[in-house]
$ cat final.pdb   # PDB, C-alpha atoms
MODEL        1
ATOM      1  CA  MET A 248       0.000   0.000   0.000  1.00  0.00           C
ATOM      2  CA  LYS A 249       2.791   2.434   0.852  1.00  0.00           C
ATOM      3  CA  ARG A 250       4.468   1.731  -2.480  1.00  0.00           C
ATOM      4  CA  ASN A 251       1.253   2.394  -4.409  1.00  0.00           C
ATOM      5  CA  ARG A 252       0.736   5.671  -2.561  1.00  0.00           C
ATOM      6  CA  PHE A 253       4.297   6.683  -3.316  1.00  0.00           C
ATOM      7  CA  LEU A 254       3.820   5.928  -7.009  1.00  0.00           C
ATOM      8  CA  LEU A 255       0.575   7.856  -7.160  1.00  0.00           C
ATOM      9  CA  PHE A 256       2.157  10.802  -5.391  1.00  0.00           C
ATOM     10  CA  GLY A 257       5.065  10.823  -7.841  1.00  0.00           C
ATOM     11  CA  ALA A 258       2.640  10.691 -10.767  1.00  0.00           C
ATOM     12  CA  ALA A 259       0.749  13.680  -9.393  1.00  0.00           C
ATOM     13  CA  ILE A 260       3.962  15.716  -9.110  1.00  0.00           C
ATOM     14  CA  LEU A 261       4.938  14.755 -12.661  1.00  0.00           C
ATOM     15  CA  LEU A 262       1.499  15.741 -13.915  1.00  0.00           C
ATOM     16  CA  LEU A 263       1.767  19.143 -12.211  1.00  0.00           C
ATOM     17  CA  ALA A 264       5.172  19.776 -13.817  1.00  0.00           C
ATOM     18  CA  LEU A 265       3.748  18.912 -17.240  1.00  0.00           C
ATOM     19  CA  LEU A 266       0.847  21.276 -16.792  1.00  0.00           C
ATOM     20  CA  LEU A 267       3.172  24.126 -15.899  1.00  0.00           C
ATOM     21  CA  GLY A 268       5.418  23.398 -18.892  1.00  0.00           C
ATOM     22  CA  ALA A 269       2.445  23.261 -21.227  1.00  0.00           C
ATOM     23  CA  CYS A 270       1.358  26.696 -20.201  1.00  0.00           C
ATOM     24  CA  GLN A 271       4.732  28.120 -21.257  1.00  0.00           C
ATOM     25  CA  MET A 272       5.237  26.028 -24.454  1.00  0.00           C
ATOM     26  CA  PRO A 273       3.343  26.763 -27.653  1.00  0.00           C
ATOM     27  CA  ALA A 274       1.056  24.046 -28.792  1.00  0.00           C
ATOM     28  CA  SER A 275       2.831  23.827 -32.135  1.00  0.00           C
ATOM     29  CA  THR A 276       6.295  23.375 -30.638  1.00  0.00           C
ATOM     30  CA  PRO A 277       7.367  19.723 -30.552  1.00  0.00           C
ATOM     31  CA  PRO A 278       8.924  18.404 -27.336  1.00  0.00           C
ATOM     32  CA  PRO A 279      12.666  18.896 -26.912  1.00  0.00           C
ATOM     33  CA  GLY A 280      14.862  16.154 -28.322  1.00  0.00           C
ATOM     34  CA  THR A 281      12.206  14.867 -30.729  1.00  0.00           C
ATOM     35  CA  GLY A 282      11.582  15.579 -34.361  1.00  0.00           C
ATOM     36  CA  ALA A 283       8.290  16.225 -36.002  1.00  0.00           C
ATOM     37  CA  THR A 284       8.484  12.835 -37.700  1.00  0.00           C
ATOM     38  CA  SER A 285       9.709  10.788 -34.725  1.00  0.00           C
ATOM     39  CA  THR A 286       7.807   7.531 -34.147  1.00  0.00           C
ATOM     40  CA  LEU A 287       7.717   5.050 -31.349  1.00  0.00           C
ATOM     41  CA  ALA A 288       9.677   1.834 -31.682  1.00  0.00           C
ATOM     42  CA  ASP A 289       7.748  -1.424 -31.723  1.00  0.00           C
ATOM     43  CA  GLY A 290       6.892  -2.468 -28.219  1.00  0.00           C
ATOM     44  CA  ASP A 291       7.664   0.994 -26.617  1.00  0.00           C
ATOM     45  CA  PHE A 292       5.046   2.780 -24.611  1.00  0.00           C
ATOM     46  CA  PRO A 293       4.632   6.571 -25.140  1.00  0.00           C
ATOM     47  CA  ARG A 294       6.142   8.707 -22.441  1.00  0.00           C
ATOM     48  CA  PRO A 295       4.225  11.582 -20.858  1.00  0.00           C
ATOM     49  CA  GLU A 296       6.848  14.150 -22.037  1.00  0.00           C
ATOM     50  CA  ASP A 297       6.447  12.949 -25.669  1.00  0.00           C
ATOM     51  CA  VAL A 298       2.864  14.259 -25.975  1.00  0.00           C
ATOM     52  CA  THR A 299       1.674  17.812 -26.327  1.00  0.00           C
ATOM     53  CA  ASN A 300      -1.791  17.321 -24.813  1.00  0.00           C
ATOM     54  CA  PRO A 301      -1.601  17.634 -20.974  1.00  0.00           C
ATOM     55  CA  PHE A 302      -4.648  15.438 -20.476  1.00  0.00           C
ATOM     56  CA  GLU A 303      -3.198  12.746 -22.740  1.00  0.00           C
ATOM     57  CA  GLY A 304       0.036  12.855 -20.752  1.00  0.00           C
ATOM     58  CA  LEU A 305      -1.936  12.484 -17.541  1.00  0.00           C
ATOM     59  CA  GLU A 306      -3.722   9.418 -18.921  1.00  0.00           C
ATOM     60  CA  ILE A 307      -0.404   7.855 -20.005  1.00  0.00           C
ATOM     61  CA  ALA A 308       1.217   8.533 -16.630  1.00  0.00           C
ATOM     62  CA  ALA A 309      -1.694   7.022 -14.748  1.00  0.00           C
ATOM     63  CA  THR A 310      -1.731   3.968 -17.025  1.00  0.00           C
ATOM     64  CA  GLN A 311       2.005   3.339 -16.618  1.00  0.00           C
ATOM     65  CA  THR A 312       1.756   3.805 -12.848  1.00  0.00           C
ATOM     66  CA  ALA A 313      -1.025   1.239 -12.555  1.00  0.00           C
ATOM     67  CA  MET A 314       0.824  -1.262 -14.779  1.00  0.00           C
ATOM     68  CA  ALA A 315       4.044  -0.798 -12.775  1.00  0.00           C
ATOM     69  CA  ALA A 316       2.155  -1.625  -9.596  1.00  0.00           C
ATOM     70  CA  GLN A 317       0.783  -4.825 -11.165  1.00  0.00           C
ATOM     71  CA  GLY A 318       3.928  -6.046 -12.897  1.00  0.00           C
ATOM     72  CA  THR A 319       5.664  -6.096 -16.266  1.00  0.00           C
ATOM     73  CA  PRO A 320       3.411  -5.102 -19.183  1.00  0.00           C
ATOM     74  CA  GLY A 321       2.265  -8.063 -21.208  1.00  0.00           C
ATOM     75  CA  SER A 322       3.460 -10.621 -18.656  1.00  0.00           C
ATOM     76  CA  GLU A 323       1.194 -13.522 -17.839  1.00  0.00           C
ATOM     77  CA  PRO A 324       1.619 -16.239 -15.257  1.00  0.00           C
ATOM     78  CA  GLY A 325       3.310 -19.273 -16.686  1.00  0.00           C
ATOM     79  CA  GLY A 326       4.333 -17.653 -19.931  1.00  0.00           C
ATOM     80  CA  GLY A 327       4.947 -14.476 -21.923  1.00  0.00           C
ATOM     81  CA  GLU A 328       5.852 -13.275 -25.312  1.00  0.00           C
ATOM     82  CA  GLY A 329       8.922 -15.508 -25.423  1.00  0.00           C
ATOM     83  CA  ALA A 330       7.175 -18.650 -24.217  1.00  0.00           C
ATOM     84  CA  ALA A 331       7.284 -21.459 -26.713  1.00  0.00           C
ATOM     85  CA  PRO A 332       3.874 -22.490 -27.988  1.00  0.00           C
ATOM     86  CA  THR A 333       2.690 -25.816 -26.780  1.00  0.00           C
ATOM     87  CA  GLU A 334       2.346 -28.406 -29.484  1.00  0.00           C
ATOM     88  CA  THR A 335      -0.547 -30.808 -29.568  1.00  0.00           C
ATOM     89  CA  PRO A 336       0.859 -34.345 -29.597  1.00  0.00           C
ATOM     90  CA  VAL A 337       0.092 -36.181 -32.786  1.00  0.00           C
ATOM     91  CA  VAL A 338      -1.446 -39.568 -32.142  1.00  0.00           C
ATOM     92  CA  GLU A 339      -0.653 -41.991 -34.893  1.00  0.00           C
ATOM     93  CA  GLN A 340      -3.675 -43.950 -35.979  1.00  0.00           C
ATOM     94  CA  PRO A 341      -3.022 -47.667 -36.385  1.00  0.00           C
ATOM     95  CA  ALA A 342      -2.991 -48.846 -39.957  1.00  0.00           C
ATOM     96  CA  PRO A 343      -6.176 -50.676 -40.902  1.00  0.00           C
ATOM     97  CA  THR A 344      -5.731 -54.381 -40.819  1.00  0.00           C
ATOM     98  CA  GLU A 345      -7.148 -56.572 -43.498  1.00  0.00           C
ATOM     99  CA  PRO A 346      -9.195 -59.525 -42.351  1.00  0.00           C
ATOM    100  CA  GLU A 347      -7.355 -62.766 -42.561  1.00  0.00           C
ATOM    101  CA  ALA A 348      -8.296 -64.811 -45.553  1.00  0.00           C
ATOM    102  CA  THR A 349     -10.036 -67.984 -44.643  1.00  0.00           C
ATOM    103  CA  GLU A 350     -10.070 -70.993 -46.836  1.00  0.00           C
ATOM    104  CA  ALA A 351     -13.471 -72.027 -48.024  1.00  0.00           C
ATOM    105  CA  PRO A 352     -14.409 -75.509 -46.903  1.00  0.00           C
ATOM    106  CA  ALA A 353     -13.916 -78.133 -49.553  1.00  0.00           C
ATOM    107  CA  PRO A 354     -17.190 -79.061 -51.187  1.00  0.00           C
ATOM    108  CA  THR A 355     -18.482 -82.423 -50.166  1.00  0.00           C
ATOM    109  CA  ASN A 356     -20.692 -84.760 -52.081  1.00  0.00           C
ATOM    110  CA  PRO A 357     -23.063 -86.229 -49.547  1.00  0.00           C
ATOM    111  CA  PRO A 358     -24.327 -89.685 -50.314  1.00  0.00           C
ATOM    112  CA  LYS A 359     -27.721 -89.984 -51.875  1.00  0.00           C
ATOM    113  CA  GLN A 360     -30.662 -90.764 -49.692  1.00  0.00           C
ATOM    114  CA  GLU A 361     -31.735 -94.385 -49.814  1.00  0.00           C
ATOM    115  CA  SER A 362     -35.185 -93.245 -50.915  1.00  0.00           C
ATOM    116  CA  ASP A 363     -33.628 -91.697 -54.054  1.00  0.00           C
ATOM    117  CA  VAL A 364     -31.927 -94.930 -55.143  1.00  0.00           C
ATOM    118  CA  PRO A 365     -34.066 -97.768 -56.540  1.00  0.00           C
ATOM    119  CA  LYS A 366     -33.455-100.904 -54.511  1.00  0.00           C
ATOM    120  CA  PRO A 367     -32.999-104.310 -56.104  1.00  0.00           C
ATOM    121  CA  THR A 368     -36.049-106.468 -56.579  1.00  0.00           C
ATOM    122  CA  PRO A 369     -36.718-108.251 -53.292  1.00  0.00           C
ATOM    123  CA  GLY A 370     -36.571-111.996 -53.180  1.00  0.00           C
ATOM    124  CA  VAL A 371     -34.239-114.603 -54.564  1.00  0.00           C
ATOM    125  CA  PRO A 372     -33.545-114.631 -58.321  1.00  0.00           C
ATOM    126  CA  GLN A 373     -33.816-117.877 -60.285  1.00  0.00           C
ATOM    127  CA  SER A 374     -30.153-117.671 -61.309  1.00  0.00           C
ATOM    128  CA  TYR A 375     -27.079-115.501 -60.791  1.00  0.00           C
ATOM    129  CA  THR A 376     -23.889-115.075 -62.860  1.00  0.00           C
ATOM    130  CA  LEU A 377     -20.666-114.632 -60.863  1.00  0.00           C
ATOM    131  CA  ASN A 378     -18.598-111.467 -61.393  1.00  0.00           C
ATOM    132  CA  ALA A 379     -14.921-110.876 -60.575  1.00  0.00           C
ATOM    133  CA  GLY A 380     -14.422-111.091 -56.807  1.00  0.00           C
ATOM    134  CA  GLU A 381     -17.571-113.133 -56.113  1.00  0.00           C
ATOM    135  CA  PHE A 382     -17.978-116.769 -54.942  1.00  0.00           C
ATOM    136  CA  PRO A 383     -20.906-119.047 -53.936  1.00  0.00           C
ATOM    137  CA  TYR A 384     -20.816-118.323 -50.183  1.00  0.00           C
ATOM    138  CA  CYS A 385     -20.882-114.570 -50.932  1.00  0.00           C
ATOM    139  CA  ILE A 386     -24.021-115.028 -53.041  1.00  0.00           C
ATOM    140  CA  ALA A 387     -25.652-117.152 -50.322  1.00  0.00           C
ATOM    141  CA  ARG A 388     -25.095-114.368 -47.753  1.00  0.00           C
ATOM    142  CA  ARG A 389     -26.330-111.645 -50.091  1.00  0.00           C
ATOM    143  CA  TYR A 390     -29.615-113.373 -50.964  1.00  0.00           C
ATOM    144  CA  ASN A 391     -30.022-115.089 -47.600  1.00  0.00           C
ATOM    145  CA  VAL A 392     -30.116-118.669 -48.902  1.00  0.00           C
ATOM    146  CA  ASN A 393     -28.696-121.839 -47.483  1.00  0.00           C
ATOM    147  CA  PRO A 394     -25.143-122.283 -48.904  1.00  0.00           C
ATOM    148  CA  SER A 395     -25.284-126.096 -48.750  1.00  0.00           C
ATOM    149  CA  GLU A 396     -28.453-126.087 -50.857  1.00  0.00           C
ATOM    150  CA  LEU A 397     -26.823-123.663 -53.320  1.00  0.00           C
ATOM    151  CA  LEU A 398     -23.759-125.888 -53.758  1.00  0.00           C
ATOM    152  CA  SER A 399     -25.804-129.078 -54.021  1.00  0.00           C
ATOM    153  CA  LEU A 400     -28.192-127.589 -56.581  1.00  0.00           C
ATOM    154  CA  ASN A 401     -25.214-126.678 -58.813  1.00  0.00           C
ATOM    155  CA  GLY A 402     -23.196-129.917 -58.268  1.00  0.00           C
ATOM    156  CA  LEU A 403     -20.484-128.132 -56.304  1.00  0.00           C
ATOM    157  CA  SER A 404     -18.678-128.682 -53.025  1.00  0.00           C
ATOM    158  CA  GLN A 405     -17.044-126.286 -50.637  1.00  0.00           C
ATOM    159  CA  TYR A 406     -13.718-127.064 -52.301  1.00  0.00           C
ATOM    160  CA  SER A 407     -14.892-126.398 -55.852  1.00  0.00           C
ATOM    161  CA  ASN A 408     -13.133-123.666 -57.867  1.00  0.00           C
ATOM    162  CA  VAL A 409     -15.958-121.692 -59.449  1.00  0.00           C
ATOM    163  CA  LEU A 410     -14.852-119.417 -62.280  1.00  0.00           C
ATOM    164  CA  VAL A 411     -15.987-115.909 -63.083  1.00  0.00           C
ATOM    165  CA  GLY A 412     -18.942-115.989 -65.467  1.00  0.00           C
ATOM    166  CA  THR A 413     -20.391-119.193 -64.001  1.00  0.00           C
ATOM    167  CA  THR A 414     -24.174-119.055 -63.759  1.00  0.00           C
ATOM    168  CA  LEU A 415     -25.563-120.512 -60.545  1.00  0.00           C
ATOM    169  CA  ARG A 416     -29.064-121.828 -60.035  1.00  0.00           C
ATOM    170  CA  MET A 417     -30.548-120.313 -56.897  1.00  0.00           C
ATOM    171  CA  PRO A 418     -32.484-122.486 -54.380  1.00  0.00           C
ATOM    172  CA  GLN A 419     -36.083-121.407 -53.769  1.00  0.00           C
ATOM    173  CA  THR A 420     -36.760-123.351 -50.552  1.00  0.00           C
ATOM    174  CA  GLY A 421     -36.692-120.247 -48.353  1.00  0.00           C
ATOM    175  CA  ASN A 422     -34.141-121.698 -45.973  1.00  0.00           C
ATOM    176  CA  PRO A 423     -32.008-118.758 -44.679  1.00  0.00           C
ATOM    177  CA  PHE A 424     -28.266-118.435 -44.397  1.00  0.00           C
ATOM    178  CA  PRO A 425     -27.113-120.108 -41.163  1.00  0.00           C
ATOM    179  CA  GLY A 426     -25.178-117.441 -39.267  1.00  0.00           C
ATOM    180  CA  GLN A 427     -24.471-113.753 -39.468  1.00  0.00           C
ATOM    181  CA  ARG A 428     -24.763-112.430 -42.987  1.00  0.00           C
ATOM    182  CA  ALA A 429     -22.996-109.072 -42.425  1.00  0.00           C
ATOM    183  CA  LEU A 430     -19.219-109.475 -42.167  1.00  0.00           C
ATOM    184  CA  ILE A 431     -18.565-105.729 -41.680  1.00  0.00           C
ATOM    185  CA  SER A 432     -21.097-103.435 -40.037  1.00  0.00           C
ATOM    186  CA  HIS A 433     -22.520-100.647 -42.158  1.00  0.00           C
ATOM    187  CA  PRO A 434     -23.404 -97.859 -43.072  1.00  0.00           C
ATOM    188  CA  ASP A 435     -19.735 -97.220 -43.503  1.00  0.00           C
ATOM    189  CA  THR A 436     -17.152 -95.531 -45.710  1.00  0.00           C
ATOM    190  CA  TYR A 437     -14.658 -97.535 -47.728  1.00  0.00           C
ATOM    191  CA  ARG A 438     -11.413 -96.438 -49.352  1.00  0.00           C
ATOM    192  CA  VAL A 439     -10.952 -98.220 -52.665  1.00  0.00           C
ATOM    193  CA  GLY A 440      -7.767-100.225 -53.068  1.00  0.00           C
ATOM    194  CA  ALA A 441      -5.978-101.484 -56.159  1.00  0.00           C
ATOM    195  CA  GLY A 442      -7.958-104.206 -57.949  1.00  0.00           C
ATOM    196  CA  ASP A 443     -11.201-103.534 -56.056  1.00  0.00           C
ATOM    197  CA  THR A 444     -14.551-103.877 -57.810  1.00  0.00           C
ATOM    198  CA  ILE A 445     -18.045-103.137 -56.548  1.00  0.00           C
ATOM    199  CA  TYR A 446     -18.684-106.902 -56.397  1.00  0.00           C
ATOM    200  CA  LYS A 447     -15.559-107.648 -54.354  1.00  0.00           C
ATOM    201  CA  ILE A 448     -16.385-104.827 -51.914  1.00  0.00           C
ATOM    202  CA  ALA A 449     -19.991-106.042 -51.578  1.00  0.00           C
ATOM    203  CA  CYS A 450     -18.786-109.563 -50.768  1.00  0.00           C
ATOM    204  CA  ALA A 451     -16.406-108.149 -48.138  1.00  0.00           C
ATOM    205  CA  TYR A 452     -19.373-106.595 -46.315  1.00  0.00           C
ATOM    206  CA  GLY A 453     -21.459-109.789 -46.766  1.00  0.00           C
ATOM    207  CA  ASP A 454     -25.043-108.664 -47.239  1.00  0.00           C
ATOM    208  CA  VAL A 455     -24.569-105.562 -49.449  1.00  0.00           C
ATOM    209  CA  ASP A 456     -25.948-105.500 -52.990  1.00  0.00           C
ATOM    210  CA  PRO A 457     -23.168-104.263 -55.342  1.00  0.00           C
ATOM    211  CA  VAL A 458     -25.426-102.569 -57.893  1.00  0.00           C
ATOM    212  CA  TYR A 459     -27.380-100.741 -55.198  1.00  0.00           C
ATOM    213  CA  MET A 460     -24.107 -99.613 -53.610  1.00  0.00           C
ATOM    214  CA  ALA A 461     -22.861 -98.299 -56.981  1.00  0.00           C
ATOM    215  CA  LYS A 462     -26.044 -96.306 -57.602  1.00  0.00           C
ATOM    216  CA  TYR A 463     -25.932 -95.004 -54.036  1.00  0.00           C
ATOM    217  CA  ASN A 464     -22.523 -93.473 -54.867  1.00  0.00           C
ATOM    218  CA  GLY A 465     -23.617 -92.125 -58.243  1.00  0.00           C
ATOM    219  CA  LEU A 466     -21.660 -94.696 -60.263  1.00  0.00           C
ATOM    220  CA  LYS A 467     -22.801 -95.860 -63.667  1.00  0.00           C
ATOM    221  CA  SER A 468     -22.104 -99.068 -65.549  1.00  0.00           C
ATOM    222  CA  PRO A 469     -19.469-100.459 -65.921  1.00  0.00           C
ATOM    223  CA  TYR A 470     -18.903 -99.109 -62.350  1.00  0.00           C
ATOM    224  CA  THR A 471     -15.183 -98.385 -62.772  1.00  0.00           C
ATOM    225  CA  LEU A 472     -13.357 -97.605 -59.517  1.00  0.00           C
ATOM    226  CA  GLU A 473     -10.073 -95.802 -58.890  1.00  0.00           C
ATOM    227  CA  ALA A 474      -7.610 -96.518 -56.097  1.00  0.00           C
ATOM    228  CA  GLY A 475      -8.015 -94.007 -53.271  1.00  0.00           C
ATOM    229  CA  GLN A 476     -11.638 -93.325 -54.115  1.00  0.00           C
ATOM    230  CA  THR A 477     -14.022 -93.208 -51.143  1.00  0.00           C
ATOM    231  CA  LEU A 478     -17.328 -95.038 -51.290  1.00  0.00           C
ATOM    232  CA  ASN A 479     -20.286 -94.712 -48.968  1.00  0.00           C
ATOM    233  CA  ILE A 480     -21.567 -98.147 -48.019  1.00  0.00           C
ATOM    234  CA  PRO A 481     -25.347 -98.033 -47.359  1.00  0.00           C
TER
ENDMDL
END

$ encode --input "final.pdb" --output "structure tokens"
Amino acid sequence: MKRNRFLLFGAAILLLALLLGACQMPASTPPPGTGATSTLADGDFPRPEDVTNPFEGLEIAATQTAMAAQGTPGSEPGGGEGAAPTETPVVEQPAPTEPEATEAPAPTNPPKQESDVPKPTPGVPQSYTLNAGEFPYCIARRYNVNPSELLSLNGLSQYSNVLVGTTLRMPQTGNPFPGQRALISHPDTYRVGAGDTIYKIACAYGDVDPVYMAKYNGLKSPYTLEAGQTLNIP
């Protein structure tokens, strides 16, 4: 408070001296030490003695006195004219990632429904011609006939070598095959091996009809198979 009063008192004395000087100096006379074209440097404040209007000098003196009591002109807490501007940190956006390519599942060929495949005529045929991979006991299992009756009806024994292309007469007595007809349980899947035929595969399962199995897998006559091929056994 004492400092502010001292500053105000000094400003009043300075103002009084300016008023007295103005009364003695013509209004057209520029202040001593200055030219008619003198200008203020950038950043300088006008001084009371640089003006010719007493009231303007009073306003300047009062303004400078108040600013001196508050601090340095233009100063601000935490910074000033020389303070470096704060930079906004740049946040790098992550590069967009492409979705991983997924392999499409391999197409599968489901087996046909049994209702879509015509089944063989039920019952026992009058005769049957052996194909490659077939033998009398296989035929007895497939058609559910007694193997002893089949052999006897055709003049054969269990030791007879029956060739491919032999036509067998089929017994019609209705006596079933004694024992389990299915040698391998099914439905099943089978991987074709070298030399396999639909007839050989059917005999391996026991009670499977080879032609029905071929149609079930979409095969057409002459029902050619390839090694490594997979068959669905109905």

$ closest_residue --input "final.pdb" --among "A:Leu377, A:Leu478, A:Leu430, A:Ala451" --to "Leu410 in chain A" --atoms "all atoms listed in the file"
A:Leu377

$ residues_around --input "final.pdb" --residues "Thr376 in chain A" --least-positions-apart "2" --cutoff "8 Å" --atoms "only C-alpha atoms" --output "PDB file with C-alpha atoms, in the frame of the given file"
ATOM      1  CA  SER A 374     -30.153-117.671 -61.309  1.00  0.00           C
ATOM      2  CA  ASN A 378     -18.598-111.467 -61.393  1.00  0.00           C
ATOM      3  CA  VAL A 411     -15.987-115.909 -63.083  1.00  0.00           C
ATOM      4  CA  GLY A 412     -18.942-115.989 -65.467  1.00  0.00           C
ATOM      5  CA  THR A 413     -20.391-119.193 -64.001  1.00  0.00           C
ATOM      6  CA  THR A 414     -24.174-119.055 -63.759  1.00  0.00           C
ATOM      7  CA  LEU A 415     -25.563-120.512 -60.545  1.00  0.00           C
TER       8      LEU A 415
END

$ residues_around --input "final.pdb" --residues "Pro365 in chain A" --least-positions-apart "6" --cutoff "10 Å" --atoms "all atoms listed in the file" --output "tab-separated table (two decimals) with C-alpha atoms, in the frame of the given file"
chain	number	residue	atom	x	y	z
A	458	VAL	CA	-25.43	-102.57	-57.89
A	459	TYR	CA	-27.38	-100.74	-55.20
A	462	LYS	CA	-26.04	-96.31	-57.60
A	463	TYR	CA	-25.93	-95.00	-54.04

$ resolve_selection --input "final.pdb" --expression "the PyMOL selection byres ((chain A and resi 437) around 6)" --output "mmCIF file with C-alpha atoms, keeping the file's coordinate frame"
data_model
loop_
_atom_site.group_PDB
_atom_site.id
_atom_site.type_symbol
_atom_site.label_atom_id
_atom_site.label_comp_id
_atom_site.auth_asym_id
_atom_site.auth_seq_id
_atom_site.Cartn_x
_atom_site.Cartn_y
_atom_site.Cartn_z
ATOM 1 C CA THR A 436 -17.152 -95.531 -45.710
ATOM 2 C CA ARG A 438 -11.413 -96.438 -49.352
ATOM 3 C CA THR A 477 -14.022 -93.208 -51.143
ATOM 4 C CA LEU A 478 -17.328 -95.038 -51.290
#

$ atom_distance --input "final.pdb" --atom1 "CA of Arg389 in chain A" --atom2 "CA of Ser404 in chain A"
18.9 Å

$ residues_around --input "final.pdb" --residues "Leu400 in chain A" --least-positions-apart "6" --cutoff "10 Å" --atoms "all atoms listed in the file" --output "ChimeraX atom specification"
/A:394,415-418

$ atom_distance --input "final.pdb" --atom1 "CA of Val455 in chain A" --atom2 "CA of Gly442 in chain A"
18.7 Å

$ resolve_selection --input "final.pdb" --expression "the PyMOL selection byres ((chain A and resi 464) around 8)" --output "list in words"
Pro358, Lys359, Met460, Ala461, Lys462, Tyr463, Gly465, Leu466, Leu478 and Asn479 of chain A

$ closest_residue --input "final.pdb" --among "A:Ile260, A:Gln427, A:Pro457, A:Cys450" --to "Pro367 in chain A" --atoms "all atoms listed in the file"
A:Pro457

$ residues_around --input "final.pdb" --residues "range 422-426 of chain A" --least-positions-apart "5" --cutoff "8 Å" --atoms "all atoms listed in the file" --output "PyMOL selection string"
chain A and resi 387-388+391-394

$ closest_residue --input "final.pdb" --among "A:Asp456, A:Gly421, A:Leu472, A:Asp435" --to "Thr368 in chain A" --atoms "only C-alpha atoms"
A:Asp456

$ axis_aligned_box --input "final.pdb" --around "range 467-472 of chain A" --padding-each-side "3 Å" --output "lines of an AutoDock Vina configuration file"
center_x = -18.1
center_y = -98.2
center_z = -62.7
size_x = 15.4
size_y = 10.6
size_z = 12.4

$ atom_distance --input "final.pdb" --atom1 "CA of Pro469 in chain A" --atom2 "CA of Pro369 in chain A"
22.8 Å

$ resolve_selection --input "final.pdb" --expression "the PyMOL selection byres ((chain A and resi 383) around 8)" --output "list in words"
Glu381, Phe382, Tyr384, Cys385, Ile386, Ala387, Pro394, Leu397, Leu398 and Val409 of chain A
